[in-house]
Amino acid sequence: MRRPDQVLLNIGALTNLVFVMTDADHDGLIGKDDTVRLMSEVLGLSDDDAATAWKALGTADAAEASYTQCLTAMTEFITSTDSKAPGNSLFGPL
Ligand SMILES: [Ca+2]
C-alpha cells in the first residue's frame, strides 16, 4: 500500500514535469495548442483525444490553463475512481 504523502509527492512531481515541458515561455500558463501538440507528439494521442485531454483541465479559458488547474486534473487522474471524472481523460481515454 502506498503512503498518502508519497502519492501527493508523485502527483506534484508529475504535474511539475508536464507543466515545465509545456510552459515554454515560463509565464505560469500553458496554451491549448502547445498542450494538444505535447499530448499528440509525446503520448501519441489522436487529435480528438488530445482535445479531450485539454478539456480535462477544466479551464474556463479556451486558450490557456494555470498550474493549479493542471494540479487539480492530475490529482483527479491519480486519485479518482470515477471513470467519468474529467481528470481521468487527462492522458486520453481510459
Ligand atoms: Ca506559457
# chains A, B, ... in the order shown; residues from 1 in each chain; ligands from 1

$ residues_around --residues "Met21 of chain A" --least-positions-apart "3" --cutoff "10 Å" --atoms "only C-alpha atoms" --output "NGL selection string"
:A and (15-18 or 24 or 26 or 30 or 34-35 or 38)

$ residues_near_ligand --ligand "ligand 1" --cutoff "10 Å" --atoms "only C-alpha atoms and all ligand atoms" --output "ChimeraX atom specification"
/A:19-20,22-32,34,64-66

$ select_by_dssp --residues "chain A" --states "alpha helix (DSSP H)" --output "short mmCIF file (atom, residue, chain, number, x, y, z; two decimals) with C-alpha atoms, in the first residue's frame"
data_model
loop_
_atom_site.label_atom_id
_atom_site.label_comp_id
_atom_site.auth_asym_id
_atom_site.auth_seq_id
_atom_site.Cartn_x
_atom_site.Cartn_y
_atom_site.Cartn_z
CA PRO A 4 -0.62 9.07 1.03
CA ASP A 5 2.23 11.57 1.39
CA GLN A 6 4.25 9.72 -1.26
CA VAL A 7 1.25 9.76 -3.62
CA LEU A 8 0.92 13.52 -3.14
CA LEU A 9 4.65 13.98 -3.83
CA ASN A 10 4.33 11.92 -7.00
CA ILE A 11 1.32 13.95 -8.15
CA GLY A 12 3.30 17.16 -7.61
CA ALA A 13 6.38 15.80 -9.41
CA LEU A 14 4.36 14.59 -12.39
CA THR A 15 2.46 17.88 -12.62
CA ASN A 16 5.72 19.84 -12.45
CA LEU A 17 7.23 17.73 -15.23
CA VAL A 18 4.26 18.10 -17.56
CA PHE A 19 3.92 21.80 -16.80
CA VAL A 20 7.60 22.58 -17.37
CA MET A 21 7.55 20.65 -20.65
CA THR A 22 4.52 22.62 -21.82
CA LYS A 32 -4.12 24.85 -25.62
CA ASP A 33 -2.12 24.49 -28.84
CA ASP A 34 1.12 23.57 -27.01
CA THR A 35 -0.70 21.16 -24.71
CA VAL A 36 -2.51 19.41 -27.54
CA ARG A 37 0.77 19.16 -29.50
CA LEU A 38 2.55 17.66 -26.47
CA MET A 39 -0.20 15.11 -25.98
CA SER A 40 -0.05 14.17 -29.67
CA GLU A 41 3.72 14.08 -30.10
CA ASP A 47 -6.12 14.98 -32.32
CA ASP A 48 -9.56 14.22 -30.86
CA ASP A 49 -8.13 12.51 -27.77
CA ALA A 50 -5.63 15.35 -27.27
CA ALA A 51 -8.51 17.84 -27.44
CA THR A 52 -10.38 15.76 -24.85
CA ALA A 53 -7.28 15.79 -22.66
CA TRP A 54 -7.24 19.59 -22.86
CA LYS A 55 -10.88 19.69 -21.73
CA TYR A 67 -0.64 25.31 -12.85
CA THR A 68 -3.46 24.97 -10.30
CA GLN A 69 -5.80 23.64 -12.96
CA CYS A 70 -3.15 21.14 -14.05
CA LEU A 71 -2.54 20.06 -10.46
CA THR A 72 -6.27 19.61 -9.88
CA ALA A 73 -6.69 17.50 -13.03
CA MET A 74 -3.58 15.43 -12.24
CA THR A 75 -4.81 14.80 -8.70
CA GLU A 76 -8.14 13.66 -10.09
CA PHE A 77 -6.38 11.44 -12.63
CA ILE A 78 -4.31 9.74 -9.93
CA THR A 79 -6.88 9.51 -7.14
#

$ select_by_dssp --residues "chain A" --states "strand (DSSP E or B)" --output "VMD selection string"
chain A and resid 29 to 31 64 to 66 90 92

$ closest_residue --among "A:Ala63, A:Leu94, A:Leu57, A:Leu43" --to "Thr81 of chain A" --atoms "only C-alpha atoms"
A:Leu94

$ atom_distance --atom1 "atom CA of Asp82 of chain A" --atom2 "atom CA of Gly44 of chain A"
24.0 Å

$ closest_residue --among "A:Ala85, A:Ser80, A:Leu90, A:Arg2" --to "Ala56 of chain A" --atoms "only C-alpha atoms"
A:Leu90
